[in-house]
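Asker: Hey, dropping work-v8.cif in here, mmCIF, C-alpha atoms:
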```cif
data_coords
loop_
_atom_site.label_atom_id
_atom_site.label_comp_id
_atom_site.auth_asym_id
_atom_site.auth_seq_id
_atom_site.Cartn_x
_atom_site.Cartn_y
_atom_site.Cartn_z
CA MET A 1 -44.26 26.29 -12.48
CA ALA A 2 -40.47 26.48 -12.43
CA TYR A 3 -38.48 23.48 -11.29
CA ALA A 4 -35.34 23.76 -9.17
CA THR A 5 -32.15 23.27 -11.11
CA TRP A 6 -29.86 20.31 -10.35
CA ASP A 7 -27.25 21.71 -8.00
CA HIS A 8 -24.92 18.73 -7.66
CA PRO A 9 -21.67 18.95 -9.64
CA GLU A 10 -20.94 16.45 -12.36
CA PRO A 11 -19.22 13.41 -10.78
CA LEU A 12 -15.64 12.60 -11.69
CA ALA A 13 -15.36 10.29 -14.68
CA LEU A 14 -14.03 6.90 -13.61
CA GLY A 15 -11.72 6.89 -16.61
CA SER A 16 -9.91 9.92 -15.21
CA ALA A 17 -8.53 7.92 -12.27
CA PRO A 18 -4.75 7.36 -12.76
CA LEU A 19 -4.50 3.58 -12.66
CA PRO A 20 -1.46 1.85 -11.13
CA GLU A 21 1.02 0.41 -13.63
CA TYR A 22 0.02 -3.20 -13.09
CA GLY A 23 2.06 -5.57 -15.25
CA SER A 24 4.87 -3.16 -16.09
CA GLY A 25 5.77 -0.91 -13.17
CA SER A 26 3.93 -1.69 -9.94
CA LEU A 27 5.04 -3.15 -6.61
CA ALA A 28 3.53 -6.49 -7.64
CA ASP A 29 5.99 -6.64 -10.54
CA LEU A 30 9.17 -6.10 -8.51
CA LEU A 31 9.98 -9.48 -6.94
CA PRO A 32 8.92 -11.49 -10.01
CA THR A 33 11.30 -9.35 -12.07
CA LEU A 34 14.18 -9.93 -9.66
CA ALA A 35 13.39 -13.65 -9.35
CA ALA A 36 13.23 -14.03 -13.14
CA GLY A 37 16.74 -12.61 -13.29
CA MET A 38 17.82 -15.40 -10.93
CA ALA A 39 16.20 -18.06 -13.14
CA VAL A 40 13.31 -18.87 -10.79
CA PRO A 41 10.77 -20.87 -12.83
CA GLY A 42 7.47 -19.21 -13.66
CA MET A 43 8.66 -15.65 -12.98
CA THR A 44 8.40 -12.83 -15.53
CA ALA A 45 10.62 -9.76 -15.70
CA SER A 46 7.79 -7.25 -16.12
CA ILE A 47 9.79 -4.17 -15.04
CA THR A 48 11.89 -4.26 -18.18
CA GLU A 49 14.16 -1.39 -17.10
CA LEU A 50 15.84 -3.53 -14.42
CA THR A 51 19.01 -5.52 -15.04
CA ALA A 52 19.42 -8.98 -13.53
CA ALA A 53 21.69 -9.54 -10.53
CA ASP A 54 22.72 -12.68 -8.64
CA ARG A 55 22.00 -11.12 -5.24
CA ASN A 56 19.01 -8.85 -4.73
CA CYS A 57 17.93 -6.92 -1.66
CA VAL A 58 14.64 -5.02 -1.36
CA PHE A 59 14.53 -2.44 1.42
CA LEU A 60 10.94 -1.29 1.87
CA VAL A 61 10.57 1.93 3.83
CA ASP A 62 6.96 2.24 4.95
CA GLY A 63 5.51 5.56 3.81
CA LEU A 64 8.46 6.82 1.70
CA GLY A 65 6.54 8.31 -1.21
CA TRP A 66 8.26 9.55 -4.36
CA GLU A 67 6.94 13.09 -4.03
CA GLN A 68 7.87 13.36 -0.36
CA LEU A 69 11.40 12.16 -1.08
CA ARG A 70 11.89 14.61 -3.93
CA ALA A 71 10.65 17.45 -1.72
CA HIS A 72 13.26 16.78 1.02
CA PRO A 73 16.73 16.53 -0.54
CA ASP A 74 18.39 18.26 2.42
CA GLU A 75 17.10 15.70 4.92
CA ALA A 76 17.99 12.76 2.65
CA PRO A 77 21.11 13.61 0.66
CA PHE A 78 22.10 10.00 -0.02
CA LEU A 79 18.63 9.00 -1.17
CA ALA A 80 18.38 12.19 -3.25
CA SER A 81 21.64 11.28 -4.97
CA LEU A 82 19.99 8.03 -6.07
CA LEU A 83 16.86 9.58 -7.59
CA GLY A 84 18.28 9.24 -11.09
CA SER A 85 18.82 5.52 -10.51
CA SER A 86 15.13 4.89 -9.89
CA ARG A 87 13.48 2.26 -12.08
CA GLY A 88 16.62 1.07 -13.77
CA GLY A 89 18.18 4.47 -14.34
CA THR A 90 15.14 6.07 -15.97
CA GLY A 91 14.66 8.38 -12.99
CA ARG A 92 10.98 7.43 -12.82
CA PRO A 93 8.94 5.97 -9.95
CA ILE A 94 6.79 2.86 -9.88
CA THR A 95 3.26 2.65 -8.48
CA ALA A 96 1.96 1.05 -5.31
CA GLY A 97 -1.35 -0.41 -6.48
CA TYR A 98 -4.88 0.28 -5.24
CA PRO A 99 -5.51 0.91 -2.48
CA ALA A 100 -2.15 2.45 -1.57
CA THR A 101 -2.06 0.99 1.92
CA THR A 102 0.38 -1.21 3.82
CA ALA A 103 -1.43 -4.56 4.01
CA THR A 104 -2.36 -4.44 0.33
CA SER A 105 1.08 -3.31 -0.81
CA LEU A 106 3.04 -5.83 1.29
CA ALA A 107 0.88 -8.62 -0.12
CA SER A 108 1.50 -7.31 -3.64
CA VAL A 109 5.25 -7.21 -3.02
CA GLY A 110 5.49 -10.66 -1.49
CA THR A 111 3.14 -12.58 -3.76
CA GLY A 112 3.90 -10.75 -6.99
CA LEU A 113 0.14 -10.52 -7.54
CA PRO A 114 -2.22 -7.52 -7.85
CA PRO A 115 -4.75 -6.93 -5.05
CA GLY A 116 -7.61 -8.48 -6.98
CA ALA A 117 -5.69 -11.75 -7.08
CA HIS A 118 -3.98 -11.97 -3.67
CA GLY A 119 -7.17 -10.84 -1.97
CA LEU A 120 -6.07 -8.13 0.49
CA PRO A 121 -7.87 -5.24 -1.23
CA GLY A 122 -7.99 -2.73 1.61
CA TYR A 123 -7.23 -1.77 5.19
CA THR A 124 -10.53 -3.26 6.38
CA VAL A 125 -12.79 -5.35 4.15
CA ARG A 126 -15.83 -7.54 4.63
CA ASN A 127 -15.29 -11.24 5.16
CA PRO A 128 -18.06 -12.78 3.02
CA ALA A 129 -18.08 -15.91 5.19
CA THR A 130 -18.97 -14.04 8.37
CA GLY A 131 -20.28 -10.67 7.22
CA GLU A 132 -17.83 -8.93 9.57
CA LEU A 133 -15.24 -6.32 8.76
CA MET A 134 -11.73 -7.74 8.84
CA ASN A 135 -8.67 -5.60 9.55
CA GLN A 136 -6.06 -7.04 7.18
CA LEU A 137 -3.15 -5.25 8.80
CA ARG A 138 -3.87 -6.50 12.32
CA TRP A 139 -5.72 -9.63 11.14
CA GLN A 140 -8.72 -9.03 13.38
CA PRO A 141 -10.96 -10.92 13.72
CA TRP A 142 -8.71 -13.88 13.02
CA THR A 143 -9.36 -16.03 9.96
CA ASP A 144 -7.33 -18.84 8.41
CA PRO A 145 -4.44 -17.13 6.58
CA ALA A 146 -3.99 -19.93 4.04
CA ALA A 147 -7.64 -19.75 3.05
CA TRP A 148 -7.63 -15.97 2.87
CA GLN A 149 -4.49 -15.81 0.67
CA PRO A 150 -3.70 -19.25 -0.81
CA TYR A 151 -0.97 -18.38 -3.30
CA PRO A 152 2.75 -19.03 -2.60
CA THR A 153 5.00 -16.04 -2.09
CA VAL A 154 7.86 -15.24 -4.43
CA PHE A 155 10.22 -15.91 -1.53
CA GLN A 156 8.85 -19.45 -1.25
CA LEU A 157 9.12 -20.06 -5.00
CA ALA A 158 12.66 -18.68 -4.99
CA ALA A 159 13.67 -20.87 -2.04
CA ASP A 160 12.19 -23.90 -3.80
CA ALA A 161 14.38 -23.05 -6.79
CA GLY A 162 17.55 -23.00 -4.67
CA VAL A 163 17.79 -19.24 -4.08
CA HIS A 164 18.77 -18.23 -0.55
CA SER A 165 15.71 -16.27 0.64
CA ALA A 166 15.49 -14.25 3.84
CA GLN A 167 13.45 -11.55 5.54
CA VAL A 168 15.13 -9.24 8.06
CA SER A 169 12.63 -7.22 10.06
CA SER A 170 11.36 -6.45 13.54
CA PRO A 171 10.86 -9.58 15.68
CA THR A 172 7.30 -8.35 16.23
CA PHE A 173 6.36 -9.39 12.70
CA GLU A 174 7.81 -12.91 12.67
CA HIS A 175 4.63 -14.83 13.44
CA THR A 176 1.92 -12.45 12.24
CA PRO A 177 -0.67 -13.72 9.74
CA LEU A 178 0.19 -10.86 7.37
CA THR A 179 3.82 -11.98 7.29
CA LYS A 180 2.67 -15.55 6.70
CA VAL A 181 0.47 -14.72 3.71
CA ALA A 182 2.66 -12.00 2.20
CA LEU A 183 6.31 -12.40 3.12
CA SER A 184 6.99 -15.98 4.21
CA GLY A 185 9.42 -18.35 2.51
CA GLY A 186 13.07 -18.92 3.27
CA THR A 187 14.09 -17.74 6.73
CA PHE A 188 12.89 -14.88 8.95
CA HIS A 189 15.47 -13.03 11.05
CA GLY A 190 14.24 -10.64 13.72
CA ARG A 191 16.46 -7.67 14.47
CA LEU A 192 15.39 -4.80 16.73
CA THR A 193 17.21 -1.74 15.39
CA GLY A 194 17.46 -0.43 11.88
CA GLU A 195 21.23 -0.61 12.01
CA GLU A 196 21.11 -4.29 13.00
CA ARG A 197 18.77 -5.00 10.09
CA MET A 198 21.06 -3.29 7.60
CA ASP A 199 24.10 -5.22 8.79
CA PHE A 200 22.33 -8.56 8.84
CA ALA A 201 20.68 -7.99 5.46
CA ALA A 202 24.15 -7.51 3.99
CA GLU A 203 25.29 -10.75 5.64
CA GLN A 204 22.30 -12.62 4.22
CA LEU A 205 23.01 -11.29 0.74
CA ALA A 206 26.53 -12.69 0.95
CA ALA A 207 25.37 -16.06 2.29
CA ALA A 208 24.92 -17.68 -1.13
CA ASP A 209 25.70 -17.21 -4.82
CA ARG A 210 22.03 -16.40 -5.43
CA SER A 211 20.20 -14.48 -2.71
CA LEU A 212 16.87 -12.70 -2.34
CA VAL A 213 16.66 -10.59 0.83
CA TYR A 214 13.89 -8.32 2.11
CA THR A 215 14.18 -5.80 4.92
CA TYR A 216 11.74 -3.24 6.29
CA TYR A 217 11.50 -0.03 8.32
CA ALA A 218 8.15 1.20 9.72
CA GLU A 219 8.88 4.28 11.82
CA LEU A 220 8.75 6.85 9.00
CA ASP A 221 5.14 5.90 8.33
CA GLY A 222 4.28 6.09 12.03
CA ALA A 223 5.70 9.61 12.26
CA GLY A 224 3.71 10.67 9.21
CA HIS A 225 0.43 9.35 10.56
CA ARG A 226 0.88 10.88 13.98
CA TYR A 227 2.57 14.19 13.19
CA GLY A 228 2.29 14.61 9.41
CA VAL A 229 4.82 14.67 6.61
CA ASP A 230 5.34 18.39 7.23
CA SER A 231 6.60 17.78 10.78
CA ASP A 232 10.06 17.90 12.29
CA THR A 233 9.51 14.39 13.63
CA TRP A 234 8.89 13.05 10.12
CA ARG A 235 11.93 14.88 8.77
CA GLY A 236 14.05 13.42 11.55
CA GLN A 237 12.89 9.94 10.63
CA LEU A 238 13.73 10.59 6.97
CA MET A 239 17.24 11.61 8.00
CA HIS A 240 17.57 8.33 9.88
CA VAL A 241 16.32 6.33 6.89
CA ASP A 242 18.89 8.09 4.70
CA ARG A 243 21.69 6.94 7.00
CA LEU A 244 20.33 3.39 7.09
CA VAL A 245 20.23 3.10 3.31
CA GLN A 246 23.78 4.39 3.02
CA ARG A 247 24.92 1.94 5.71
CA LEU A 248 23.48 -0.99 3.76
CA ALA A 249 24.72 0.27 0.41
CA GLU A 250 28.28 0.47 1.70
CA GLN A 251 28.17 -3.20 2.77
CA LEU A 252 26.82 -4.81 -0.39
CA PRO A 253 28.71 -7.95 -1.40
CA ALA A 254 29.82 -8.49 -4.98
CA ARG A 255 27.20 -8.98 -7.73
CA SER A 256 24.45 -7.37 -5.64
CA ALA A 257 21.61 -4.98 -6.36
CA LEU A 258 19.86 -3.02 -3.61
CA TYR A 259 16.41 -1.61 -4.33
CA VAL A 260 14.86 0.97 -2.00
CA THR A 261 11.11 1.30 -2.37
CA ALA A 262 7.94 1.94 -0.35
CA ASP A 263 4.39 0.75 0.05
CA HIS A 264 2.73 4.15 -0.45
CA GLY A 265 3.18 7.89 -0.17
CA MET A 266 1.32 10.16 2.21
CA LEU A 267 -0.33 13.57 2.50
CA ASP A 268 -1.44 15.72 5.42
CA VAL A 269 -5.17 16.47 5.55
CA PRO A 270 -6.38 19.58 7.44
CA PHE A 271 -8.62 19.16 10.50
CA ASP A 272 -11.79 20.89 9.36
CA GLU A 273 -15.21 19.87 8.12
CA GLN A 274 -14.35 20.76 4.54
CA HIS A 275 -11.48 18.26 4.40
CA ARG A 276 -12.74 15.64 6.87
CA ILE A 277 -16.26 14.42 6.11
CA ASP A 278 -17.56 12.50 9.11
CA PHE A 279 -19.57 9.45 8.05
CA ASP A 280 -20.87 9.02 11.58
CA GLU A 281 -22.39 12.51 11.46
CA ASP A 282 -23.68 12.44 7.85
CA TRP A 283 -27.15 10.90 7.49
CA GLU A 284 -26.99 10.98 3.68
CA LEU A 285 -23.83 8.90 3.49
CA ARG A 286 -25.04 6.51 6.19
CA ALA A 287 -28.39 5.80 4.51
CA GLY A 288 -28.58 2.19 3.35
CA VAL A 289 -25.03 1.36 4.50
CA ALA A 290 -24.50 -1.82 6.53
CA LEU A 291 -20.71 -1.62 6.90
CA LEU A 292 -18.07 1.02 6.22
CA GLY A 293 -14.69 -0.45 5.32
CA GLY A 294 -11.36 0.64 3.93
CA GLU A 295 -9.88 3.89 5.23
CA GLY A 296 -10.41 7.63 4.86
CA ARG A 297 -9.12 7.99 1.31
CA ALA A 298 -10.06 4.54 0.00
CA ARG A 299 -13.47 3.42 1.20
CA HIS A 300 -15.31 0.13 0.76
CA VAL A 301 -19.03 0.70 1.32
CA TYR A 302 -21.21 -2.36 1.95
CA ALA A 303 -24.90 -1.69 1.40
CA VAL A 304 -27.95 -3.17 3.03
CA GLN A 305 -29.39 -5.86 0.75
CA GLY A 306 -31.37 -4.17 -2.02
CA ALA A 307 -29.95 -0.70 -1.38
CA GLN A 308 -26.81 -0.98 -3.52
CA ASN A 309 -27.99 1.30 -6.32
CA ASP A 310 -29.38 3.90 -3.93
CA VAL A 311 -26.12 4.03 -1.97
CA LEU A 312 -24.10 4.37 -5.18
CA THR A 313 -26.33 7.19 -6.39
CA CYS A 314 -26.15 9.02 -3.08
CA TRP A 315 -22.40 8.73 -2.70
CA ARG A 316 -21.90 9.99 -6.25
CA GLU A 317 -24.21 12.94 -5.67
CA VAL A 318 -22.63 13.91 -2.35
CA LEU A 319 -18.96 13.12 -3.07
CA GLY A 320 -18.63 12.75 -6.82
CA GLU A 321 -16.60 15.92 -7.33
CA GLN A 322 -14.06 14.98 -4.65
CA PHE A 323 -13.93 11.19 -4.98
CA TRP A 324 -13.96 8.71 -7.80
CA VAL A 325 -17.07 6.72 -6.83
CA ALA A 326 -17.62 3.35 -8.52
CA SER A 327 -19.74 0.28 -8.08
CA ARG A 328 -17.90 -2.94 -7.28
CA ASP A 329 -18.23 -4.17 -10.87
CA GLU A 330 -17.14 -0.82 -12.30
CA ALA A 331 -14.02 -0.68 -10.10
CA ILE A 332 -13.05 -4.24 -11.03
CA ALA A 333 -13.70 -3.69 -14.75
CA ALA A 334 -11.73 -0.41 -14.69
CA GLY A 335 -8.70 -2.25 -13.34
CA TRP A 336 -8.47 -0.55 -9.96
CA PHE A 337 -7.50 -3.82 -8.29
CA GLY A 338 -5.43 -5.15 -11.19
CA PRO A 339 -6.14 -6.46 -14.69
CA PRO A 340 -9.74 -7.76 -14.77
CA ASP A 341 -8.60 -11.06 -16.29
CA ARG A 342 -6.45 -11.68 -13.20
CA PHE A 343 -9.22 -10.96 -10.71
CA ASP A 344 -9.91 -13.95 -8.43
CA GLU A 345 -13.61 -14.58 -7.81
CA ARG A 346 -12.97 -15.46 -4.16
CA VAL A 347 -12.13 -11.74 -3.66
CA TYR A 348 -15.38 -10.43 -5.16
CA GLY A 349 -17.38 -10.24 -1.93
CA ARG A 350 -14.53 -8.50 -0.11
CA ILE A 351 -14.84 -5.45 -2.38
CA GLY A 352 -17.41 -2.85 -1.35
CA ASP A 353 -20.72 -2.55 -3.19
CA VAL A 354 -19.48 1.02 -3.62
CA VAL A 355 -15.79 1.95 -3.80
CA ALA A 356 -14.74 5.56 -3.18
CA ALA A 357 -11.20 6.79 -3.93
CA ALA A 358 -10.22 10.33 -2.98
CA HIS A 359 -9.29 12.81 -5.69
CA ASP A 360 -8.95 15.93 -3.52
CA ASP A 361 -7.20 16.43 -0.18
CA VAL A 362 -10.15 15.01 1.73
CA LEU A 363 -11.06 12.11 4.00
CA ILE A 364 -14.20 10.24 4.90
CA ILE A 365 -13.56 9.74 8.59
CA ALA A 366 -15.74 7.85 11.08
CA SER A 367 -15.18 9.60 14.40
CA GLU A 368 -17.14 7.09 16.48
CA ARG A 369 -16.29 3.82 14.70
CA GLU A 370 -12.66 4.68 13.94
CA PRO A 371 -11.47 7.23 16.52
CA LYS A 372 -7.75 6.49 16.16
CA GLU A 373 -7.72 6.46 12.37
CA SER A 374 -9.88 9.60 12.27
CA ALA A 375 -7.30 11.49 14.35
CA MET A 376 -4.34 10.81 12.03
CA VAL A 377 -2.60 13.79 10.44
CA GLY A 378 -0.97 11.97 7.52
CA ASN A 379 -3.12 9.73 5.33
CA HIS A 380 -2.97 7.61 2.18
CA GLY A 381 -4.88 5.01 0.20
CA SER A 382 -6.09 6.50 -3.05
CA MET A 383 -4.74 6.75 -6.62
CA THR A 384 -3.35 10.29 -6.60
CA PRO A 385 0.36 10.65 -7.44
CA VAL A 386 1.32 11.69 -3.91
CA GLU A 387 -0.01 8.33 -2.62
CA GLN A 388 0.64 6.03 -5.56
CA LEU A 389 4.14 6.94 -6.71
CA VAL A 390 6.98 5.23 -4.86
CA PRO A 391 10.72 5.16 -5.59
CA LEU A 392 12.70 2.21 -6.86
CA LEU A 393 16.17 3.49 -6.06
CA GLU A 394 19.05 1.24 -7.06
CA VAL A 395 22.59 0.64 -5.81
CA ARG A 396 24.75 -2.04 -7.44
CA SER A 397 28.08 -3.49 -6.42
#
```
Could I get this structure in the form of structure tokens?
Answerer:
Amino acid sequence: MAYATWDHPEPLALGSAPLPEYGSGSLADLLPTLAAGMAVPGMTASITELTAADRNCVFLVDGLGWEQLRAHPDEAPFLASLLGSSRGGTGRPITAGYPATTATSLASVGTGLPPGAHGLPGYTVRNPATGELMNQLRWQPWTDPAAWQPYPTVFQLAADAGVHSAQVSSPTFEHTPLTKVALSGGTFHGRLTGEERMDFAAEQLAAADRSLVYTYYAELDGAGHRYGVDSDTWRGQLMHVDRLVQRLAEQLPARSALYVTADHGMLDVPFDEQHRIDFDEDWELRAGVALLGGEGRARHVYAVQGAQNDVLTCWREVLGEQFWVASRDEAIAAGWFGPPDRFDERVYGRIGDVVAAAHDDVLIIASEREPKESAMVGNHGSMTPVEQLVPLLEVRS
């Protein structure tokens, strides 16, 4: 009797995943490096290519990936002229961290900690205390911010050390829990338009001999999600960002450094069954799963008690050629969420029993549970270069 041959492809080796540059060139290393240059106690200058300045401004443009910027020099001539300045004049990018998503990245920026330490390891993750999925961007359902992320921000530590610290952003974000856990410390200044933020950020830089200022622009990311990074709307937003950066650069006070960076890149994913695998329509992927967290390219999968190994096996068999699929312990040990020796045990139950990070241009959507997210054109989250690599453009006065 002949037996059927195994027809599943060999799963991707976990060691082939391109890890973020935690500890030397990730978003979590940026503010500690700048603060160390301003003599803030306890800070380490891990991005060794950067030179200290008395006044530092970080302008984070949501969704401005390194590869997208390099591909659009005509729409962003000023930014393109700064590409060689990235990462201290090396002309190289830094990495976002895993997952490459806004809530995780903003927490990494503000706390100076990797995701496994600050504890915002995804778009949605399970709250071990309640068993519910928590959206860490919208902070729903509400939970105590100080308990969820107990570490002080770099802005707070800098302010305590006598550095003038300020955030200049949309008034909408002033009182959000995400701002509290990731970006608080010093003073928050709400300004509606991008131009107003640029002007006021320059004023805040000049307000003291030592200043640390953060400002933010979200609309490029919104255009990418809704219309894609190959759309005229996205290109128009990039042109606007280019003008904003130049406006701020031209107003820098003496002894200042401006750093333009981002929280993640983005890619467009086609709308077909080959590229968009619908969890809600796939009985194999649903089997044994209690909760589906994360987002399309960076999934946290929470199994029914006792089904963890079966779910891991199934997800590897079904998706292993298109996704890096790891158990919780494997992902932590591999350093996906930061160095294992910096992983905080309070975060352990927030990570999925199975973690799936996209390798190909694919998504695991959930058309019924996540209709809005499933309809997005542009997506991000995983460890591929198009999502992970972000600029660190520099202008000095």
Asker: Grab the atom CA of A:Asp341 to atom CA of A:Arg328 distance for me, in Å with one decimal place.
Answerer: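 Interatomic distance, atom CA of A:Asp341 to atom CA of A:Arg328: 15.3 Å.
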Asker: I need the residue set behind the PyMOL selection byres ((chain A and resi 362) around 6) for this file; please write it as a PyMOL selection string.
Answerer: chain A and resi 275-276+360-361+363
Asker: Might you pull out every residue within 12 Å of A:Gly84, with all atoms listed in the file counted and same-chain residues fewer than 3 positions away left off, and present them as a list of chain:residue names?
Answerer: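 So, after excluding close chain neighbours, the residues are A:Arg70, A:Phe78, A:Leu79, A:Ala80, A:Ser81, A:Arg87, A:Gly88, A:Gly89, A:Thr90, A:Gly91, A:Arg92, A:Pro93, A:Pro391, A:Leu392, A:Leu393, A:Glu394, A:Val395.
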Asker: Report as CSV the residues of stretch 216-297 of chain A within 9 Å of stretch 310-316 of chain A, each with its shortest atom pair and distance in Å (one decimal), using all atoms listed in the file, ordered by chain and increasing residue number.
Answerer:
```
residue,atom,partner,partner_atom,distance
A:Glu284,CA,A:Cys314,CA,7.1
A:Leu285,CA,A:Trp315,CA,6.4
A:Arg286,CA,A:Val311,CA,8.6
A:Ala287,CA,A:Val311,CA,7.1
A:Gly288,CA,A:Val311,CA,6.1
A:Val289,CA,A:Val311,CA,7.1
```
Asker: Write out, as a PDB file, in the coordinates of the input, the residues just selected, with C-alpha atoms.
Answerer:
```
ATOM      1  CA  GLU A 284     -26.990  10.980   3.680  1.00  0.00           C
ATOM      2  CA  LEU A 285     -23.830   8.900   3.490  1.00  0.00           C
ATOM      3  CA  ARG A 286     -25.040   6.510   6.190  1.00  0.00           C
ATOM      4  CA  ALA A 287     -28.390   5.800   4.510  1.00  0.00           C
ATOM      5  CA  GLY A 288     -28.580   2.190   3.350  1.00  0.00           C
ATOM      6  CA  VAL A 289     -25.030   1.360   4.500  1.00  0.00           C
TER       7      VAL A 289
END
```
Asker: Could you tell me how far atom CA of A:Glu321 sits from atom CA of A:Ala100, in Å to one decimal place?
Answerer: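 Taking atom CA of A:Ala100 as the start and atom CA of A:Glu321 as the end point, the length is 20.6 Å.
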Asker: Take the PyMOL selection byres ((chain A and resi 359) around 9), apply it to the structure above, and return the hits as a PyMOL selection string.
Answerer: chain A and resi 12+17+297+321-324+357-358+360-362+382-384
Asker: Could you write out as a ChimeraX atom specification the residues that the PyMOL selection byres ((chain A and resi 248-263) around 8) matches in the shown file?
Answerer: /A:27,53-65,96,100-102,105-106,198-199,201-202,205-206,244-247,264-265,390-397
Asker: Would you mind telling me which residue in A:Asn127, A:Ser231, A:Ser184, A:Thr179 lies nearest to A:His72 when using only C-alpha atoms?
Answerer: A:Ser231
Asker: Using only C-alpha atoms for the distances, tell me which of A:Thr124, A:Thr111, A:Ser170, A:Gln308 is nearest to A:Leu183.
Answerer: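 For A:Leu183, the nearest of the candidates is A:Thr111.
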Asker: Show me, as a ChimeraX atom specification, the residues that have an atom within 10 Å of A:Gly194 when counting only C-alpha atoms, minus same-chain residues fewer than 6 positions from it.
Answerer: /A:168-170,200,215-219,240-241,243-245,247
Asker: Could you pull out every residue with an atom within 12 Å of (2.7, -7.5, -1.4), file coordinates, counting only C-alpha atoms, and send them as a PDB file with C-alpha atoms, keeping the file's coordinate frame?
Answerer:
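Result went into result16.pdb, see below:
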```
ATOM      1  CA  SER A  26       3.930  -1.690  -9.940  1.00  0.00           C
ATOM      2  CA  LEU A  27       5.040  -3.150  -6.610  1.00  0.00           C
ATOM      3  CA  ALA A  28       3.530  -6.490  -7.640  1.00  0.00           C
ATOM      4  CA  ASP A  29       5.990  -6.640 -10.540  1.00  0.00           C
ATOM      5  CA  LEU A  30       9.170  -6.100  -8.510  1.00  0.00           C
ATOM      6  CA  LEU A  31       9.980  -9.480  -6.940  1.00  0.00           C
ATOM      7  CA  PRO A  32       8.920 -11.490 -10.010  1.00  0.00           C
ATOM      8  CA  LEU A  60      10.940  -1.290   1.870  1.00  0.00           C
ATOM      9  CA  ALA A  96       1.960   1.050  -5.310  1.00  0.00           C
ATOM     10  CA  GLY A  97      -1.350  -0.410  -6.480  1.00  0.00           C
ATOM     11  CA  TYR A  98      -4.880   0.280  -5.240  1.00  0.00           C
ATOM     12  CA  PRO A  99      -5.510   0.910  -2.480  1.00  0.00           C
ATOM     13  CA  ALA A 100      -2.150   2.450  -1.570  1.00  0.00           C
ATOM     14  CA  THR A 101      -2.060   0.990   1.920  1.00  0.00           C
ATOM     15  CA  THR A 102       0.380  -1.210   3.820  1.00  0.00           C
ATOM     16  CA  ALA A 103      -1.430  -4.560   4.010  1.00  0.00           C
ATOM     17  CA  THR A 104      -2.360  -4.440   0.330  1.00  0.00           C
ATOM     18  CA  SER A 105       1.080  -3.310  -0.810  1.00  0.00           C
ATOM     19  CA  LEU A 106       3.040  -5.830   1.290  1.00  0.00           C
ATOM     20  CA  ALA A 107       0.880  -8.620  -0.120  1.00  0.00           C
ATOM     21  CA  SER A 108       1.500  -7.310  -3.640  1.00  0.00           C
ATOM     22  CA  VAL A 109       5.250  -7.210  -3.020  1.00  0.00           C
ATOM     23  CA  GLY A 110       5.490 -10.660  -1.490  1.00  0.00           C
ATOM     24  CA  THR A 111       3.140 -12.580  -3.760  1.00  0.00           C
ATOM     25  CA  GLY A 112       3.900 -10.750  -6.990  1.00  0.00           C
ATOM     26  CA  LEU A 113       0.140 -10.520  -7.540  1.00  0.00           C
ATOM     27  CA  PRO A 114      -2.220  -7.520  -7.850  1.00  0.00           C
ATOM     28  CA  PRO A 115      -4.750  -6.930  -5.050  1.00  0.00           C
ATOM     29  CA  GLY A 116      -7.610  -8.480  -6.980  1.00  0.00           C
ATOM     30  CA  ALA A 117      -5.690 -11.750  -7.080  1.00  0.00           C
ATOM     31  CA  HIS A 118      -3.980 -11.970  -3.670  1.00  0.00           C
ATOM     32  CA  GLY A 119      -7.170 -10.840  -1.970  1.00  0.00           C
ATOM     33  CA  LEU A 120      -6.070  -8.130   0.490  1.00  0.00           C
ATOM     34  CA  PRO A 121      -7.870  -5.240  -1.230  1.00  0.00           C
ATOM     35  CA  LEU A 137      -3.150  -5.250   8.800  1.00  0.00           C
ATOM     36  CA  GLN A 149      -4.490 -15.810   0.670  1.00  0.00           C
ATOM     37  CA  TYR A 151      -0.970 -18.380  -3.300  1.00  0.00           C
ATOM     38  CA  PRO A 152       2.750 -19.030  -2.600  1.00  0.00           C
ATOM     39  CA  THR A 153       5.000 -16.040  -2.090  1.00  0.00           C
ATOM     40  CA  VAL A 154       7.860 -15.240  -4.430  1.00  0.00           C
ATOM     41  CA  PHE A 155      10.220 -15.910  -1.530  1.00  0.00           C
ATOM     42  CA  LEU A 178       0.190 -10.860   7.370  1.00  0.00           C
ATOM     43  CA  THR A 179       3.820 -11.980   7.290  1.00  0.00           C
ATOM     44  CA  LYS A 180       2.670 -15.550   6.700  1.00  0.00           C
ATOM     45  CA  VAL A 181       0.470 -14.720   3.710  1.00  0.00           C
ATOM     46  CA  ALA A 182       2.660 -12.000   2.200  1.00  0.00           C
ATOM     47  CA  LEU A 183       6.310 -12.400   3.120  1.00  0.00           C
ATOM     48  CA  SER A 184       6.990 -15.980   4.210  1.00  0.00           C
ATOM     49  CA  TYR A 214      13.890  -8.320   2.110  1.00  0.00           C
ATOM     50  CA  ALA A 262       7.940   1.940  -0.350  1.00  0.00           C
ATOM     51  CA  ASP A 263       4.390   0.750   0.050  1.00  0.00           C
ATOM     52  CA  HIS A 264       2.730   4.150  -0.450  1.00  0.00           C
TER      53      HIS A 264
END
```
Asker: Between A:Leu157, A:Leu192, A:Leu220, A:Met239, which residue has the minimum interatomic distance to A:Asp74, considering all atoms listed in the file?
Answerer: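 Of A:Leu157, A:Leu192, A:Leu220, A:Met239, the one nearest A:Asp74, counting all atoms listed in the file, is A:Met239.
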Asker: Pick from A:Leu82, A:Leu319, A:Ile365, A:Ala223: nearest to A:Trp66, with only C-alpha atoms counted?
Answerer: A:Leu82
Asker: Around the point (-15.3, -7.0, 5.2) in the file's coordinates, collect all residues with an atom within 12 Å, using only C-alpha atoms, and return them as a PyMOL selection string.
Answerer: chain A and resi 119-136+139-141+143+290-294+299-303+347-353
